[in-house]
Each structure stands twice: as structure tokens, then as C-alpha cells.
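Student: Dropping in data-v2.cif, which is mmCIF, C-alpha atoms:
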```
data_my_file
#
loop_
_atom_site.group_PDB
_atom_site.id
_atom_site.type_symbol
_atom_site.label_atom_id
_atom_site.label_comp_id
_atom_site.auth_asym_id
_atom_site.auth_seq_id
_atom_site.Cartn_x
_atom_site.Cartn_y
_atom_site.Cartn_z
ATOM 1 C CA MET R 14 22.045 75.364 111.800
ATOM 2 C CA GLU R 15 24.790 72.931 111.406
ATOM 3 C CA LEU R 16 28.377 73.482 112.372
ATOM 4 C CA ASN R 17 30.918 73.266 109.592
ATOM 5 C CA LYS R 18 34.594 72.682 110.292
ATOM 6 C CA ASP R 19 37.080 73.108 107.527
ATOM 7 C CA ASN R 20 40.648 71.839 107.382
ATOM 8 C CA LEU R 21 41.996 74.889 109.192
ATOM 9 C CA ASN R 22 39.776 74.347 112.220
ATOM 10 C CA PHE R 23 37.661 77.403 111.562
ATOM 11 C CA GLU R 24 34.061 76.963 112.553
ATOM 12 C CA GLU R 25 31.297 78.447 110.471
ATOM 13 C CA ASN R 26 27.548 78.355 110.946
ATOM 14 C CA ILE R 27 25.811 77.318 107.752
ATOM 15 C CA PRO R 28 22.041 77.804 107.690
ATOM 16 C CA ASP R 29 19.811 74.925 106.718
ATOM 17 C CA PRO R 30 18.514 75.451 103.127
ATOM 18 C CA ASP R 31 15.022 74.208 104.044
ATOM 19 C CA GLU R 32 14.864 76.704 106.875
ATOM 20 C CA ILE R 33 15.794 79.524 104.507
ATOM 21 C CA ARG R 34 13.126 78.426 102.003
ATOM 22 C CA GLU R 35 10.515 78.502 104.752
ATOM 23 C CA ARG R 36 11.573 81.936 105.967
ATOM 24 C CA TYR R 37 11.915 83.545 102.547
ATOM 25 C CA PRO R 38 9.490 81.927 100.119
ATOM 26 C CA ILE R 39 9.818 82.812 96.457
ATOM 27 C CA GLU R 40 6.552 83.699 94.784
ATOM 28 C CA ASP R 41 5.817 82.265 91.385
ATOM 29 C CA ASP R 42 5.213 85.173 89.024
ATOM 30 C CA SER R 43 5.239 83.269 85.732
ATOM 31 C CA ASP R 44 1.547 84.026 85.202
ATOM 32 C CA THR R 45 2.158 87.785 85.460
ATOM 33 C CA LEU R 46 5.180 88.047 83.183
ATOM 34 C CA GLU R 47 4.434 89.648 79.858
ATOM 35 C CA PRO R 48 5.959 88.266 76.673
ATOM 36 C CA PHE R 49 8.907 90.151 75.247
ATOM 37 C CA VAL R 50 7.875 92.159 72.217
ATOM 38 C CA ASP R 51 10.604 93.509 69.999
ATOM 39 C CA GLU R 52 9.297 96.802 68.623
ATOM 40 C CA ASN R 53 11.591 96.498 65.601
ATOM 41 C CA GLU R 54 9.949 93.251 64.495
ATOM 42 C CA CYS R 55 6.816 95.166 63.537
ATOM 43 C CA ARG R 56 8.815 97.425 61.236
ATOM 44 C CA GLU R 57 9.421 97.116 57.562
ATOM 45 C CA ILE R 58 12.715 97.834 55.848
ATOM 46 C CA ASN R 59 12.384 100.784 53.497
ATOM 47 C CA THR R 60 13.827 99.397 50.280
ATOM 48 C CA ASP R 61 13.813 102.869 48.695
ATOM 49 C CA ASP R 62 16.164 104.237 51.378
ATOM 50 C CA PRO R 63 19.814 103.157 51.007
ATOM 51 C CA GLU R 64 20.558 104.295 54.587
ATOM 52 C CA ASP R 65 17.792 102.084 55.997
ATOM 53 C CA ILE R 66 19.048 99.102 54.017
ATOM 54 C CA ALA R 67 22.617 99.745 55.209
ATOM 55 C CA LYS R 68 21.422 100.098 58.821
ATOM 56 C CA TRP R 69 19.554 96.773 58.736
ATOM 57 C CA ALA R 70 22.397 95.003 56.930
ATOM 58 C CA GLN R 71 24.686 96.115 59.749
ATOM 59 C CA GLU R 72 22.085 95.104 62.360
ATOM 60 C CA PHE R 73 21.833 91.605 60.870
ATOM 61 C CA GLN R 74 25.607 91.490 60.276
ATOM 62 C CA ILE R 75 25.222 90.651 56.600
ATOM 63 C CA SER R 76 26.146 92.407 53.371
ATOM 64 C CA ILE R 77 23.753 94.795 51.685
ATOM 65 C CA GLU R 78 23.507 92.403 48.732
ATOM 66 C CA ASP R 79 22.545 89.515 51.039
ATOM 67 C CA LEU R 80 19.894 91.679 52.698
ATOM 68 C CA LYS R 81 18.465 92.689 49.310
ATOM 69 C CA SER R 82 18.299 89.002 48.342
ATOM 70 C CA ALA R 83 16.521 88.163 51.601
ATOM 71 C CA ILE R 84 14.038 90.984 50.958
ATOM 72 C CA VAL R 85 13.317 89.665 47.448
ATOM 73 C CA LEU R 86 12.695 86.166 48.827
ATOM 74 C CA ASN R 87 10.754 87.116 51.992
ATOM 75 C CA GLY R 88 9.470 90.662 51.696
ATOM 76 C CA ASN R 89 10.630 93.667 53.682
ATOM 77 C CA SER R 90 9.190 92.746 57.098
ATOM 78 C CA VAL R 91 11.907 92.761 59.760
ATOM 79 C CA LYS R 92 10.197 89.817 61.467
ATOM 80 C CA GLU R 93 10.244 87.729 58.284
ATOM 81 C CA ILE R 94 13.869 88.642 57.522
ATOM 82 C CA LYS R 95 14.872 87.646 61.079
ATOM 83 C CA LYS R 96 13.064 84.347 60.689
ATOM 84 C CA TYR R 97 14.745 83.735 57.306
ATOM 85 C CA LEU R 98 18.178 84.557 58.723
ATOM 86 C CA SER R 99 17.400 82.677 61.965
ATOM 87 C CA VAL R 100 18.558 85.636 64.020
#
```
As C-alpha cells, please, write out the structure in this file.
Tutor:
Amino acid sequence: MELNKDNLNFEENIPDPDEIRERYPIEDDSDTLEPFVDENECREINTDDPEDIAKWAQEFQISIEDLKSAIVLNGNSVKEIKKYLSV
């Protein structure tokens, strides 16, 4: 540990970062992490249900008319609508 003196003459022991890394190694868990799957992306927007259309329009923060246009252009898959809107 090194001794640190600040301008007010207080002494503080600061541990060496390499020493901390040796004592407390961090395991790499990137190979065990599972990809994030959004359950809603597998859904389809029910175009026959005005409440479902209104809910998804609010979710995407667009007007109902804009959502209907996006559905006409891309189908009613939530995943495709998200991709179209770049959400």
C-alpha cells in the first residue's frame, strides 16, 4: 500500500490496484450469459382489436394511424414493426 498525503496533511492508505485484482479476481461469464429475448417481439398485433392497436400505438409512442400504416407496410408482427420504427 502506498501512503497518500493530501493538501490538509491527512494520511490515507490506498491499496495497490494490482494487489486488489490478484486478491479478488473477476471471472469471465460472457460464455454463460443468455441473450435477452423480448417476449413481446414474438407477438402479433391484433388488427381486429381497437384496444390492442391503441395499446401498441402507445407503446411505440406513435399515433394509431401511423401504426396502421406500419402494419400495412410490414405486417402485424411486433418484431417487424419495431424494426421498421427502429425502436
Student: Near Ile66 in chain R, within 8 Å and counting only C-alpha atoms, which residues show up once chain neighbours fewer than 5 positions away are dropped, as JSON, numbers by chain?
Tutor: {"R": [58, 59, 60, 77, 80, 81]}
Student: Select, from R:Leu98, R:Val91, R:Ile39, R:Cys55, the residue with the minimum atom-to-atom distance to Asp79 in chain R, counting all atoms listed in the file.
Tutor: R:Leu98
Student: Starting from the PyMOL selection byres ((chain R and resi 83) around 12), expand the selection into actual residues of this file and give them as number ranges by chain.
Tutor: R: 58, 60, 66, 69-70, 73, 75-82, 84-99
Student: What separation in Å, quoted to one decimal, exists between CA of Arg56 in chain R and CA of Glu72 in chain R?
Tutor: 13.5 Å
